[in-house]
>>> print(open('structure_12.json').read())   # JSON, C-alpha atoms
[["chain", "number", "residue", "atom", "x", "y", "z"],
["Q", 22, "MET", "CA", -31.85, 60.02, -22.88],
["Q", 23, "LYS", "CA", -28.21, 60.52, -21.92],
["Q", 24, "LYS", "CA", -28.57, 57.95, -19.13],
["Q", 25, "LEU", "CA", -30.07, 55.44, -21.60],
["Q", 26, "SER", "CA", -27.23, 56.01, -24.06],
["Q", 27, "LEU", "CA", -24.66, 55.59, -21.31],
["Q", 28, "ALA", "CA", -26.28, 52.34, -20.18],
["Q", 29, "ILE", "CA", -26.25, 50.96, -23.74],
["Q", 30, "ILE", "CA", -22.58, 51.86, -24.16],
["Q", 31, "CYS", "CA", -21.68, 50.14, -20.86],
["Q", 32, "MET", "CA", -23.62, 47.02, -21.87],
["Q", 33, "LEU", "CA", -21.81, 46.85, -25.22],
["Q", 34, "CYS", "CA", -18.45, 47.19, -23.45],
["Q", 35, "ILE", "CA", -19.28, 44.32, -21.10],
["Q", 36, "VAL", "CA", -20.39, 42.06, -23.98],
["Q", 37, "SER", "CA", -17.29, 43.00, -25.96],
["Q", 38, "CYS", "CA", -14.97, 42.17, -23.03],
["Q", 39, "THR", "CA", -16.76, 38.89, -22.42],
["Q", 40, "GLU", "CA", -16.47, 37.84, -26.05],
["Q", 41, "THR", "CA", -12.80, 38.82, -26.09],
["Q", 42, "LYS", "CA", -12.02, 36.64, -23.06],
["Q", 43, "LYS", "CA", -14.00, 33.73, -24.54],
["Q", 44, "ASP", "CA", -12.26, 34.05, -27.90],
["Q", 45, "LYS", "CA", -8.90, 34.18, -26.15],
["Q", 46, "LYS", "CA", -9.67, 31.01, -24.20],
["Q", 47, "GLN", "CA", -10.73, 29.15, -27.36],
["Q", 48, "LYS", "CA", -7.63, 30.39, -29.14],
["Q", 49, "ASN", "CA", -5.40, 29.10, -26.33],
["Q", 50, "LEU", "CA", -7.09, 25.69, -26.41],
["Q", 51, "GLY", "CA", -6.75, 25.52, -30.16],
["Q", 52, "ALA", "CA", -3.07, 26.43, -29.97],
["Q", 53, "MET", "CA", -2.26, 23.70, -27.42],
["Q", 54, "ALA", "CA", -0.12, 20.92, -28.84],
["Q", 55, "HIS", "CA", -1.60, 17.46, -29.36],
["Q", 56, "SER", "CA", -0.25, 14.85, -26.97],
["Q", 57, "VAL", "CA", 2.03, 12.07, -28.21],
["Q", 58, "GLY", "CA", 3.06, 8.60, -27.14],
["Q", 59, "LYS", "CA", 2.23, 4.97, -27.73],
["Q", 60, "ILE", "CA", -0.77, 3.44, -26.01],
["Q", 61, "ASN", "CA", 0.10, 2.38, -22.43],
["Q", 62, "GLU", "CA", 3.39, 4.29, -22.45],
["Q", 63, "LEU", "CA", 3.96, 6.22, -19.22],
["Q", 64, "SER", "CA", 6.53, 8.96, -18.60],
["Q", 65, "VAL", "CA", 7.87, 8.85, -15.05],
["Q", 66, "VAL", "CA", 9.42, 12.17, -14.07],
["Q", 67, "ILE", "CA", 11.67, 11.43, -11.12],
["Q", 68, "ASP", "CA", 15.28, 12.21, -10.30],
["Q", 69, "ASN", "CA", 17.72, 9.35, -10.85],
["Q", 70, "GLU", "CA", 18.54, 8.92, -7.15],
["Q", 71, "LEU", "CA", 14.89, 8.37, -6.22],
["Q", 72, "TRP", "CA", 14.31, 6.10, -9.22],
["Q", 73, "LYS", "CA", 17.12, 3.80, -8.13],
["Q", 74, "GLY", "CA", 15.86, 3.60, -4.55],
["Q", 75, "ALA", "CA", 12.72, 2.66, -2.62],
["Q", 76, "VAL", "CA", 10.51, 5.21, -4.40],
["Q", 77, "GLY", "CA", 11.42, 3.76, -7.79],
["Q", 78, "ASP", "CA", 10.84, 0.23, -6.52],
["Q", 79, "THR", "CA", 7.34, 1.24, -5.37],
["Q", 80, "ILE", "CA", 6.52, 2.82, -8.74],
["Q", 81, "ARG", "CA", 7.69, -0.30, -10.59],
["Q", 82, "LYS", "CA", 5.71, -2.50, -8.21],
["Q", 83, "PHE", "CA", 2.40, -0.79, -8.98],
["Q", 84, "PHE", "CA", 2.72, 0.68, -12.48],
["Q", 85, "GLY", "CA", 4.85, -2.16, -13.82],
["Q", 86, "ALA", "CA", 2.61, -4.82, -12.28],
["Q", 87, "GLU", "CA", 1.67, -7.83, -14.37],
["Q", 88, "VAL", "CA", -1.40, -7.42, -16.59],
["Q", 89, "PRO", "CA", -4.02, -9.92, -15.37],
["Q", 90, "GLY", "CA", -5.13, -12.69, -17.71],
["Q", 91, "LEU", "CA", -2.11, -12.79, -20.03],
["Q", 92, "PRO", "CA", -0.24, -16.08, -20.52],
["Q", 93, "GLN", "CA", 3.13, -14.37, -20.05],
["Q", 94, "GLU", "CA", 4.26, -11.48, -17.84],
["Q", 95, "GLU", "CA", 3.70, -8.04, -19.36],
["Q", 96, "PRO", "CA", 3.58, -4.74, -17.43],
["Q", 97, "LEU", "CA", 0.55, -2.47, -17.10],
["Q", 98, "PHE", "CA", 2.60, 0.38, -18.57],
["Q", 99, "SER", "CA", 5.81, 0.68, -20.55],
["Q", 100, "MET", "CA", 7.62, 3.21, -18.36],
["Q", 101, "ARG", "CA", 10.14, 5.77, -19.51],
["Q", 102, "GLN", "CA", 12.00, 7.49, -16.66],
["Q", 103, "MET", "CA", 13.50, 10.95, -16.89],
["Q", 104, "PRO", "CA", 14.85, 13.44, -14.31],
["Q", 105, "SER", "CA", 12.94, 16.65, -13.67],
["Q", 106, "ALA", "CA", 15.55, 18.69, -15.57],
["Q", 107, "ALA", "CA", 14.79, 16.72, -18.74],
["Q", 108, "PHE", "CA", 11.03, 17.19, -18.46],
["Q", 109, "SER", "CA", 10.66, 19.99, -21.00],
["Q", 110, "GLY", "CA", 9.80, 20.54, -24.65],
["Q", 111, "LEU", "CA", 8.60, 17.43, -26.46],
["Q", 112, "ALA", "CA", 9.05, 15.34, -23.30],
["Q", 113, "ARG", "CA", 6.11, 17.23, -21.76],
["Q", 114, "LYS", "CA", 3.77, 16.23, -24.56],
["Q", 115, "ASN", "CA", 3.34, 12.57, -23.57],
["Q", 116, "ARG", "CA", -0.30, 11.67, -22.98],
["Q", 117, "THR", "CA", 0.28, 10.34, -19.45],
["Q", 118, "PHE", "CA", 2.96, 11.17, -16.92],
["Q", 119, "LEU", "CA", 3.75, 10.56, -13.25],
["Q", 120, "TRP", "CA", 5.66, 13.47, -11.70],
["Q", 121, "ILE", "CA", 7.48, 12.83, -8.42],
["Q", 122, "ARG", "CA", 8.69, 15.91, -6.52],
["Q", 123, "LYS", "CA", 10.77, 15.54, -3.39],
["Q", 124, "GLY", "CA", 10.61, 18.08, -0.57],
["Q", 125, "GLU", "CA", 7.59, 20.21, -1.57],
["Q", 126, "GLY", "CA", 5.19, 19.12, 1.16],
["Q", 127, "LYS", "CA", 2.97, 16.05, 1.10],
["Q", 128, "LYS", "CA", 0.62, 16.54, -1.87],
["Q", 129, "PHE", "CA", -1.21, 14.55, -4.52],
["Q", 130, "GLY", "CA", -3.18, 15.78, -7.51],
["Q", 131, "PHE", "CA", -3.92, 15.49, -11.21],
["Q", 132, "LEU", "CA", -2.95, 17.86, -14.03],
["Q", 133, "ASN", "CA", -5.42, 17.78, -16.91],
["Q", 134, "ASN", "CA", -4.20, 18.97, -20.32],
["Q", 135, "LYS", "CA", -1.40, 20.94, -18.67],
["Q", 136, "PHE", "CA", 1.14, 20.77, -21.53],
["Q", 137, "ALA", "CA", -0.84, 19.07, -24.33],
["Q", 138, "THR", "CA", -4.26, 17.64, -25.09],
["Q", 139, "PRO", "CA", -5.54, 15.07, -24.30],
["Q", 140, "GLN", "CA", -3.21, 14.59, -21.35],
["Q", 141, "LEU", "CA", -3.32, 13.44, -17.74],
["Q", 142, "GLY", "CA", -0.52, 13.82, -15.24],
["Q", 143, "ALA", "CA", -0.42, 12.63, -11.63],
["Q", 144, "VAL", "CA", 1.79, 14.71, -9.32],
["Q", 145, "ILE", "CA", 3.06, 13.40, -5.98],
["Q", 146, "SER", "CA", 5.34, 15.32, -3.63],
["Q", 147, "GLY", "CA", 6.77, 15.03, -0.12],
["Q", 148, "THR", "CA", 9.57, 13.25, 1.67],
["Q", 149, "GLU", "CA", 10.58, 9.82, 0.41],
["Q", 150, "ASN", "CA", 8.39, 8.10, 3.00],
["Q", 151, "GLU", "CA", 5.47, 10.42, 2.23],
["Q", 152, "ILE", "CA", 5.80, 9.78, -1.50],
["Q", 153, "ILE", "CA", 5.85, 6.02, -0.94],
["Q", 154, "SER", "CA", 2.79, 6.32, 1.33],
["Q", 155, "LEU", "CA", 0.88, 8.30, -1.31],
["Q", 156, "LEU", "CA", 1.82, 5.79, -4.00],
["Q", 157, "HIS", "CA", 0.37, 3.00, -1.85],
["Q", 158, "ASP", "CA", -2.81, 4.99, -1.20],
["Q", 159, "LYS", "CA", -3.41, 6.44, -4.65],
["Q", 160, "HIS", "CA", -1.99, 4.00, -7.22],
["Q", 161, "GLU", "CA", -5.33, 2.31, -7.95],
["Q", 162, "THR", "CA", -7.00, 5.68, -8.61],
["Q", 163, "ILE", "CA", -4.11, 6.84, -10.80],
["Q", 164, "ILE", "CA", -4.02, 3.61, -12.83],
["Q", 165, "SER", "CA", -7.79, 3.72, -13.33],
["Q", 166, "GLU", "CA", -7.64, 7.30, -14.65],
["Q", 167, "TYR", "CA", -4.67, 6.50, -16.90],
["Q", 168, "LYS", "CA", -6.54, 3.53, -18.38],
["Q", 169, "LYS", "CA", -9.58, 5.72, -19.09],
["Q", 170, "ILE", "CA", -7.58, 8.27, -21.07],
["Q", 171, "GLU", "CA", -5.66, 5.51, -22.88],
["Q", 172, "THR", "CA", -8.92, 3.78, -23.82],
["Q", 173, "ARG", "CA", -10.34, 7.04, -25.18],
["Q", 174, "ALA", "CA", -7.13, 7.64, -27.14],
["Q", 175, "LYS", "CA", -7.33, 4.15, -28.65],
["Q", 176, "GLN", "CA", -10.98, 4.65, -29.55],
["Q", 177, "VAL", "CA", -10.16, 7.92, -31.32],
["Q", 178, "ARG", "CA", -7.58, 6.08, -33.43],
["Q", 179, "ILE", "CA", -10.06, 3.29, -34.16],
["Q", 180, "LYS", "CA", -12.65, 5.79, -35.47],
["Q", 181, "LYS", "CA", -10.33, 7.00, -38.24],
["Q", 182, "SER", "CA", -11.20, 4.00, -40.42],
["Q", 183, "LEU", "CA", -14.37, 2.08, -39.59],
["Q", 184, "GLU", "CA", -15.82, -1.20, -40.80],
["Q", 185, "LYS", "CA", -19.59, -0.92, -41.27],
["Q", 186, "ILE", "CA", -21.48, -3.93, -39.94],
["Q", 187, "PRO", "CA", -25.17, -2.90, -40.00],
["Q", 188, "GLN", "CA", -26.18, -6.51, -39.26],
["Q", 189, "LEU", "CA", -25.18, -6.01, -35.61],
["Q", 190, "LYS", "CA", -27.89, -3.39, -35.25],
["Q", 191, "GLU", "CA", -30.41, -5.28, -37.36],
["Q", 192, "LYS", "CA", -30.01, -8.65, -35.62],
["Q", 193, "LEU", "CA", -28.73, -7.83, -32.12],
["Q", 194, "GLY", "CA", -29.78, -4.20, -31.60],
["Q", 195, "ILE", "CA", -26.29, -2.93, -30.85],
["Q", 196, "THR", "CA", -23.55, -0.91, -32.52],
["Q", 197, "LEU", "CA", -19.78, -1.27, -32.15],
["Q", 198, "THR", "CA", -16.93, 0.90, -33.38],
["Q", 199, "ILE", "CA", -14.85, -1.63, -35.33],
["Q", 200, "PRO", "CA", -11.81, -0.79, -37.52],
["Q", 201, "THR", "CA", -11.69, -1.77, -41.20],
["Q", 202, "ALA", "CA", -8.93, -4.30, -40.49],
["Q", 203, "TYR", "CA", -11.59, -6.62, -39.01],
["Q", 204, "ARG", "CA", -13.95, -8.81, -41.01],
["Q", 205, "VAL", "CA", -17.02, -10.90, -40.20],
["Q", 206, "ALA", "CA", -15.93, -14.54, -40.05],
["Q", 207, "THR", "CA", -19.28, -15.98, -38.91],
["Q", 208, "GLU", "CA", -22.75, -14.41, -38.95],
["Q", 209, "GLU", "CA", -25.87, -16.04, -37.53],
["Q", 210, "GLU", "CA", -29.14, -14.74, -36.18],
["Q", 211, "ASP", "CA", -27.85, -14.37, -32.61],
["Q", 212, "PHE", "CA", -24.08, -14.91, -32.98],
["Q", 213, "PHE", "CA", -21.24, -13.00, -34.66],
["Q", 214, "TRP", "CA", -17.53, -13.78, -34.89],
["Q", 215, "VAL", "CA", -15.39, -10.85, -36.06],
["Q", 216, "ARG", "CA", -11.66, -11.27, -36.60],
["Q", 217, "LYS", "CA", -8.50, -9.47, -37.67],
["Q", 218, "ASP", "CA", -5.43, -11.20, -39.08],
["Q", 219, "ILE", "CA", -2.08, -10.18, -37.58],
["Q", 220, "PRO", "CA", 1.45, -11.36, -38.56],
["Q", 221, "GLN", "CA", 1.67, -14.01, -35.83],
["Q", 222, "GLY", "CA", -1.99, -14.99, -35.57],
["Q", 223, "SER", "CA", -5.36, -13.29, -35.14],
["Q", 224, "MET", "CA", -7.46, -10.99, -32.95],
["Q", 225, "ASN", "CA", -11.08, -12.02, -32.44],
["Q", 226, "ILE", "CA", -14.40, -10.83, -31.04],
["Q", 227, "MET", "CA", -17.41, -13.07, -30.36],
["Q", 228, "ILE", "CA", -20.81, -11.42, -29.90],
["Q", 229, "TYR", "CA", -23.93, -13.29, -28.84],
["Q", 230, "GLU", "CA", -27.00, -13.14, -26.61],
["Q", 231, "LEU", "CA", -28.34, -15.42, -23.89],
["Q", 232, "PRO", "CA", -31.49, -15.47, -21.73],
["Q", 233, "LEU", "CA", -31.47, -13.08, -18.79],
["Q", 234, "GLY", "CA", -30.57, -15.00, -15.62],
["Q", 235, "THR", "CA", -28.14, -17.39, -17.30],
["Q", 236, "ILE", "CA", -25.36, -15.78, -15.23],
["Q", 237, "THR", "CA", -26.19, -14.57, -11.72],
["Q", 238, "LYS", "CA", -24.23, -12.72, -9.05],
["Q", 239, "ASP", "CA", -23.40, -15.39, -6.48],
["Q", 240, "SER", "CA", -20.61, -17.74, -5.40],
["Q", 241, "ASN", "CA", -20.90, -19.64, -8.69],
["Q", 242, "THR", "CA", -20.54, -16.64, -11.02],
["Q", 243, "VAL", "CA", -17.04, -17.53, -12.29],
["Q", 244, "SER", "CA", -17.85, -21.19, -12.87],
["Q", 245, "SER", "CA", -21.09, -20.22, -14.65],
["Q", 246, "ILE", "CA", -19.19, -17.85, -16.96],
["Q", 247, "ILE", "CA", -16.57, -20.52, -17.71],
["Q", 248, "LYS", "CA", -19.27, -23.10, -18.45],
["Q", 249, "MET", "CA", -21.08, -20.62, -20.71],
["Q", 250, "ARG", "CA", -18.01, -19.52, -22.72],
["Q", 251, "ASP", "CA", -16.70, -23.09, -23.05],
["Q", 252, "SER", "CA", -19.99, -24.34, -24.49],
["Q", 253, "ILE", "CA", -20.29, -21.43, -26.94],
["Q", 254, "GLY", "CA", -16.59, -21.51, -27.89],
["Q", 255, "ALA", "CA", -16.58, -25.26, -28.45],
["Q", 256, "ALA", "CA", -19.65, -25.01, -30.67],
["Q", 257, "LYS", "CA", -18.85, -21.85, -32.63],
["Q", 258, "ILE", "CA", -15.05, -21.61, -33.00],
["Q", 259, "PRO", "CA", -13.81, -24.19, -35.53],
["Q", 260, "THR", "CA", -10.85, -26.31, -34.45],
["Q", 261, "SER", "CA", -9.54, -29.72, -35.42],
["Q", 262, "ALA", "CA", -11.20, -32.87, -34.17],
["Q", 263, "THR", "CA", -8.49, -33.29, -31.54],
["Q", 264, "GLY", "CA", -9.43, -30.35, -29.35],
["Q", 265, "LYS", "CA", -12.00, -27.69, -28.43],
["Q", 266, "PHE", "CA", -11.78, -23.96, -27.68],
["Q", 267, "VAL", "CA", -12.14, -23.90, -23.87],
["Q", 268, "THR", "CA", -10.91, -22.09, -20.75],
["Q", 269, "GLU", "CA", -7.46, -23.03, -19.49],
["Q", 270, "GLU", "CA", -8.01, -25.04, -16.30],
["Q", 271, "ALA", "CA", -4.63, -24.34, -14.68],
["Q", 272, "TYR", "CA", -5.26, -20.61, -14.15],
["Q", 273, "ALA", "CA", -8.28, -19.20, -12.33],
["Q", 274, "PRO", "CA", -9.87, -16.31, -14.29],
["Q", 275, "TYR", "CA", -10.06, -12.80, -12.83],
["Q", 276, "LEU", "CA", -13.61, -11.49, -12.24],
["Q", 277, "TYR", "CA", -14.55, -7.80, -12.01],
["Q", 278, "GLU", "CA", -17.76, -5.80, -11.95],
["Q", 279, "THR", "CA", -18.14, -2.79, -14.23],
["Q", 280, "GLN", "CA", -20.65, -1.03, -16.51],
["Q", 281, "LEU", "CA", -20.91, -0.82, -20.29],
["Q", 282, "ASP", "CA", -23.34, 1.67, -21.83],
["Q", 283, "GLY", "CA", -24.92, 2.15, -18.38],
["Q", 284, "ARG", "CA", -25.63, -1.56, -17.85],
["Q", 285, "PHE", "CA", -24.23, -3.81, -15.12],
["Q", 286, "THR", "CA", -21.48, -6.02, -16.53],
["Q", 287, "PHE", "CA", -19.31, -8.94, -15.41],
["Q", 288, "GLU", "CA", -15.77, -8.62, -16.80],
["Q", 289, "THR", "CA", -13.73, -11.84, -16.82],
["Q", 290, "LYS", "CA", -10.09, -12.17, -17.86],
["Q", 291, "GLY", "CA", -8.32, -15.46, -18.30],
["Q", 292, "THR", "CA", -6.60, -17.86, -20.68],
["Q", 293, "TRP", "CA", -8.16, -20.04, -23.38],
["Q", 294, "GLU", "CA", -6.64, -23.20, -24.81],
["Q", 295, "ILE", "CA", -7.20, -25.88, -27.42],
["Q", 296, "LYS", "CA", -6.25, -29.10, -25.74],
["Q", 297, "ASP", "CA", -3.88, -31.52, -27.48],
["Q", 298, "ARG", "CA", -2.86, -28.81, -29.96],
["Q", 299, "PHE", "CA", -0.71, -26.74, -27.58],
["Q", 300, "MET", "CA", -2.59, -23.58, -28.56],
["Q", 301, "ALA", "CA", -3.51, -20.95, -25.97],
["Q", 302, "GLY", "CA", -3.94, -17.23, -25.44],
["Q", 303, "PRO", "CA", -5.70, -14.53, -23.39],
["Q", 304, "PHE", "CA", -9.38, -13.63, -23.41],
["Q", 305, "VAL", "CA", -11.60, -10.93, -21.90],
["Q", 306, "ASN", "CA", -15.29, -11.70, -21.56],
["Q", 307, "TYR", "CA", -18.07, -9.17, -20.86],
["Q", 308, "VAL", "CA", -21.53, -10.34, -19.76],
["Q", 309, "ILE", "CA", -23.88, -7.34, -19.94],
["Q", 310, "GLU", "CA", -27.30, -7.30, -18.29],
["Q", 311, "ASP", "CA", -29.65, -5.92, -20.95],
["Q", 312, "ILE", "CA", -32.77, -5.79, -18.80],
["Q", 313, "PRO", "CA", -34.87, -3.67, -21.23],
["Q", 314, "ASN", "CA", -34.50, -6.46, -23.79],
["Q", 315, "ASN", "CA", -34.73, -9.32, -21.25],
["Q", 316, "ARG", "CA", -31.38, -10.83, -22.20],
["Q", 317, "LEU", "CA", -27.66, -11.02, -21.54],
["Q", 318, "MET", "CA", -25.41, -9.59, -24.23],
["Q", 319, "VAL", "CA", -22.01, -11.31, -24.27],
["Q", 320, "LEU", "CA", -18.92, -9.92, -25.99],
["Q", 321, "GLU", "CA", -15.58, -11.68, -25.80],
["Q", 322, "GLY", "CA", -12.22, -10.69, -27.20],
["Q", 323, "PHE", "CA", -9.42, -13.22, -27.57],
["Q", 324, "VAL", "CA", -6.00, -13.29, -29.20],
["Q", 325, "PHE", "CA", -3.97, -16.05, -30.82],
["Q", 326, "ALA", "CA", -0.38, -14.86, -31.25],
["Q", 327, "PRO", "CA", 2.20, -17.38, -30.03],
["Q", 328, "SER", "CA", 5.60, -16.16, -28.83],
["Q", 329, "VAL", "CA", 4.75, -12.43, -28.99],
["Q", 330, "ASN", "CA", 3.49, -9.88, -26.47],
["Q", 331, "LYS", "CA", -0.27, -9.51, -26.39],
["Q", 332, "ARG", "CA", -0.98, -6.67, -23.94],
["Q", 333, "ASP", "CA", -1.70, -4.06, -26.60],
["Q", 334, "ASN", "CA", -3.71, -6.51, -28.73],
["Q", 335, "MET", "CA", -5.99, -7.22, -25.79],
["Q", 336, "PHE", "CA", -6.22, -3.51, -24.97],
["Q", 337, "GLU", "CA", -7.47, -2.84, -28.52],
["Q", 338, "LEU", "CA", -10.15, -5.52, -28.19],
["Q", 339, "GLU", "CA", -11.27, -4.06, -24.86],
["Q", 340, "ALA", "CA", -11.40, -0.55, -26.36],
["Q", 341, "ILE", "CA", -13.58, -1.82, -29.23],
["Q", 342, "ILE", "CA", -15.96, -3.70, -26.95],
["Q", 343, "LYS", "CA", -16.33, -0.66, -24.66],
["Q", 344, "THR", "CA", -17.82, 1.32, -27.59],
["Q", 345, "ILE", "CA", -20.99, -0.81, -27.45],
["Q", 346, "LYS", "CA", -24.26, 1.08, -27.67],
["Q", 347, "PHE", "CA", -27.70, -0.46, -27.29]]
>>> encode(input="structure_12.json", output="structure tokens")
Amino acid sequence: MKKLSLAIICMLCIVSCTETKKDKKQKNLGAMAHSVGKINELSVVIDNELWKGAVGDTIRKFFGAEVPGLPQEEPLFSMRQMPSAAFSGLARKNRTFLWIRKGEGKKFGFLNNKFATPQLGAVISGTENEIISLLHDKHETIISEYKKIETRAKQVRIKKSLEKIPQLKEKLGITLTIPTAYRVATEEEDFFWVRKDIPQGSMNIMIYELPLGTITKDSNTVSSIIKMRDSIGAAKIPTSATGKFVTEEAYAPYLYETQLDGRFTFETKGTWEIKDRFMAGPFVNYVIEDIPNNRLMVLEGFVFAPSVNKRDNMFELEAIIKTIKF
């Protein structure tokens, strides 16, 4: 009987300790500060001497590279440089940061939610040449991970005030997370045009379906996508009699392969124009293979905002489209 009592007491002690550690962990997570920063704003923690030299040039080359598909040059990230000594307090709360450390051995890694949540930091250390080498090798991975966390952050903001469009589910069998600032401009059985007015123009999303096989993966993929979007845009987007909503011929679109809601997707970025009206802007087009429903689902975001930057407008449209669920 004494042995049984002793065993029960030991078991209760173990459970109590386990619960205490779990509670402590949850308490620590709850106490962690929320990250701050504008979308696509990157803190670069690097001493001034390195920033002004070859290491800084390499960082600007990759992380300040031109966003593809925009009519004017805009960087991937708006970078804010600070020396290591200044990286403390509120400065550590930015959602994304790149931390360059000279002379600590050649290393690369990520810090997840180190100083705030959600947060992602990339840390690179070594000699100047080693740091430059790691930047060349790892920049695509770093940028991809930054864009993922920025997209999630944008989607969280979008969810705070949602526009309900049940017709998308009823007619097309999909749902999208769309903010209340958008409204349905055109609704048909298999076509929707949703738009948001902004001070210098508008932000727009077209949603429609096509027969499976309309776009195939071959040497003609880009031209097939251009032909498709030009025919739909010319027919569905109202313009004056002097011009049609088509793809800008002077700039070849960028084509990528990705997945949306687990389905193979062509992602195309380029510039649209309305000829003879001197109107143009960026677009991003997603052609999603919806094999279970024997169709292609097409979603395209485009912006009309002359004489202003459009990177963040396009990023919002991409974030919305990436919430698609079948």
>>> closest_residue(input="structure_12.json", among="Q:Ser223, Q:Ala206, Q:Ile195, Q:Asn306", to="Ile246 (chain Q)", atoms="all atoms listed in the file")
Q:Asn306
>>> residues_around(input="structure_12.json", residues="Leu320 (chain Q)", least_positions_apart="6", cutoff="8 Å", atoms="all atoms listed in the file", output="list in words")
Ile226, Met227, Ile228, Tyr229, Asn306, Tyr307, Val308 and Ile342 of chain Q
>>> closest_residue(input="structure_12.json", among="Q:Glu294, Q:Glu209, Q:Glu166, Q:Asp239", to="Lys257 (chain Q)", atoms="all atoms listed in the file")
Q:Glu209
>>> atom_distance(input="structure_12.json", atom1="CA of Trp293 (chain Q)", atom2="CA of Ala256 (chain Q)")
14.5 Å
>>> residues_near_point(input="structure_12.json", point="(-6.2, 0.8, -38.9)", cutoff="9 Å", atoms="all atoms listed in the file", output="PDB file with C-alpha atoms, in the coordinates of the input")
ATOM      1  CA  ARG Q 178      -7.580   6.080 -33.430  1.00  0.00           C
ATOM      2  CA  ILE Q 179     -10.060   3.290 -34.160  1.00  0.00           C
ATOM      3  CA  LYS Q 180     -12.650   5.790 -35.470  1.00  0.00           C
ATOM      4  CA  LYS Q 181     -10.330   7.000 -38.240  1.00  0.00           C
ATOM      5  CA  SER Q 182     -11.200   4.000 -40.420  1.00  0.00           C
ATOM      6  CA  LEU Q 183     -14.370   2.080 -39.590  1.00  0.00           C
ATOM      7  CA  PRO Q 200     -11.810  -0.790 -37.520  1.00  0.00           C
ATOM      8  CA  THR Q 201     -11.690  -1.770 -41.200  1.00  0.00           C
ATOM      9  CA  ALA Q 202      -8.930  -4.300 -40.490  1.00  0.00           C
TER      10      ALA Q 202
END
>>> residues_around(input="structure_12.json", residues="Thr172 (chain Q)", least_positions_apart="3", cutoff="12 Å", atoms="all atoms listed in the file", output="VMD selection string")
chain Q and resid 59 to 61 116 139 165 to 169 175 to 179 333 335 to 344
>>> closest_residue(input="structure_12.json", among="Q:Glu269, Q:Asp282, Q:Glu149, Q:Glu94", to="Phe299 (chain Q)", atoms="only C-alpha atoms")
Q:Glu269
>>> closest_residue(input="structure_12.json", among="Q:Asn315, Q:Arg81, Q:Ala255, Q:Ile199", to="Gly234 (chain Q)", atoms="all atoms listed in the file")
Q:Asn315
>>> atom_distance(input="structure_12.json", atom1="CA of Gly77 (chain Q)", atom2="CA of Leu91 (chain Q)")
24.6 Å
>>> residues_near_point(input="structure_12.json", point="(-19.7, -5.5, -13.6)", cutoff="10 Å", atoms="only C-alpha atoms", output="VMD selection string")
chain Q and resid 238 276 to 281 284 to 289 307 to 310
>>> closest_residue(input="structure_12.json", among="Q:Asn69, Q:Asn115, Q:Gln93, Q:Ser252", to="Lys135 (chain Q)", atoms="all atoms listed in the file")
Q:Asn115
>>> residues_around(input="structure_12.json", residues="Leu119 (chain Q)", least_positions_apart="2", cutoff="7 Å", atoms="all atoms listed in the file", output="MDAnalysis selection string")
chainID Q and resid 64:66 121 142:144
>>> decode(input="structure_12.json", residues="region 234-242 of chain Q", atoms="N, CA, C and O atoms", output="PDB file, in the first residue's frame")
ATOM      1  N   GLY Q 234      -7.235  22.686 -70.434  1.00  0.00           N
ATOM      2  CA  GLY Q 234      -6.477  22.481 -71.661  1.00  0.00           C
ATOM      3  C   GLY Q 234      -6.355  23.723 -72.510  1.00  0.00           C
ATOM      4  O   GLY Q 234      -5.631  23.725 -73.517  1.00  0.00           O
ATOM      5  N   THR Q 235      -7.047  24.803 -72.117  1.00  0.00           N
ATOM      6  CA  THR Q 235      -6.930  26.059 -72.872  1.00  0.00           C
ATOM      7  C   THR Q 235      -5.498  26.574 -72.838  1.00  0.00           C
ATOM      8  O   THR Q 235      -4.980  27.089 -73.830  1.00  0.00           O
ATOM      9  N   ILE Q 236      -4.837  26.427 -71.689  1.00  0.00           N
ATOM     10  CA  ILE Q 236      -3.427  26.796 -71.525  1.00  0.00           C
ATOM     11  C   ILE Q 236      -2.647  25.542 -71.182  1.00  0.00           C
ATOM     12  O   ILE Q 236      -3.000  24.827 -70.237  1.00  0.00           O
ATOM     13  N   THR Q 237      -1.613  25.240 -71.947  1.00  0.00           N
ATOM     14  CA  THR Q 237      -0.806  24.050 -71.704  1.00  0.00           C
ATOM     15  C   THR Q 237       0.646  24.433 -71.446  1.00  0.00           C
ATOM     16  O   THR Q 237       1.083  25.532 -71.796  1.00  0.00           O
ATOM     17  N   LYS Q 238       1.377  23.516 -70.823  1.00  0.00           N
ATOM     18  CA  LYS Q 238       2.777  23.756 -70.483  1.00  0.00           C
ATOM     19  C   LYS Q 238       3.657  23.354 -71.669  1.00  0.00           C
ATOM     20  O   LYS Q 238       4.001  22.196 -71.857  1.00  0.00           O
ATOM     21  N   ASP Q 239       4.005  24.348 -72.495  1.00  0.00           N
ATOM     22  CA  ASP Q 239       4.868  24.097 -73.640  1.00  0.00           C
ATOM     23  C   ASP Q 239       5.542  25.406 -74.041  1.00  0.00           C
ATOM     24  O   ASP Q 239       5.495  26.393 -73.295  1.00  0.00           O
ATOM     25  N   SER Q 240       6.142  25.442 -75.198  1.00  0.00           N
ATOM     26  CA  SER Q 240       6.866  26.633 -75.645  1.00  0.00           C
ATOM     27  C   SER Q 240       5.938  27.805 -75.953  1.00  0.00           C
ATOM     28  O   SER Q 240       6.395  28.943 -76.094  1.00  0.00           O
ATOM     29  N   ASN Q 241       4.649  27.527 -76.057  1.00  0.00           N
ATOM     30  CA  ASN Q 241       3.687  28.591 -76.393  1.00  0.00           C
ATOM     31  C   ASN Q 241       2.880  29.062 -75.182  1.00  0.00           C
ATOM     32  O   ASN Q 241       1.871  29.762 -75.358  1.00  0.00           O
ATOM     33  N   THR Q 242       3.292  28.686 -73.983  1.00  0.00           N
ATOM     34  CA  THR Q 242       2.508  29.007 -72.789  1.00  0.00           C
ATOM     35  C   THR Q 242       2.281  30.510 -72.641  1.00  0.00           C
ATOM     36  O   THR Q 242       1.153  30.970 -72.443  1.00  0.00           O
TER      37      THR Q 242
END
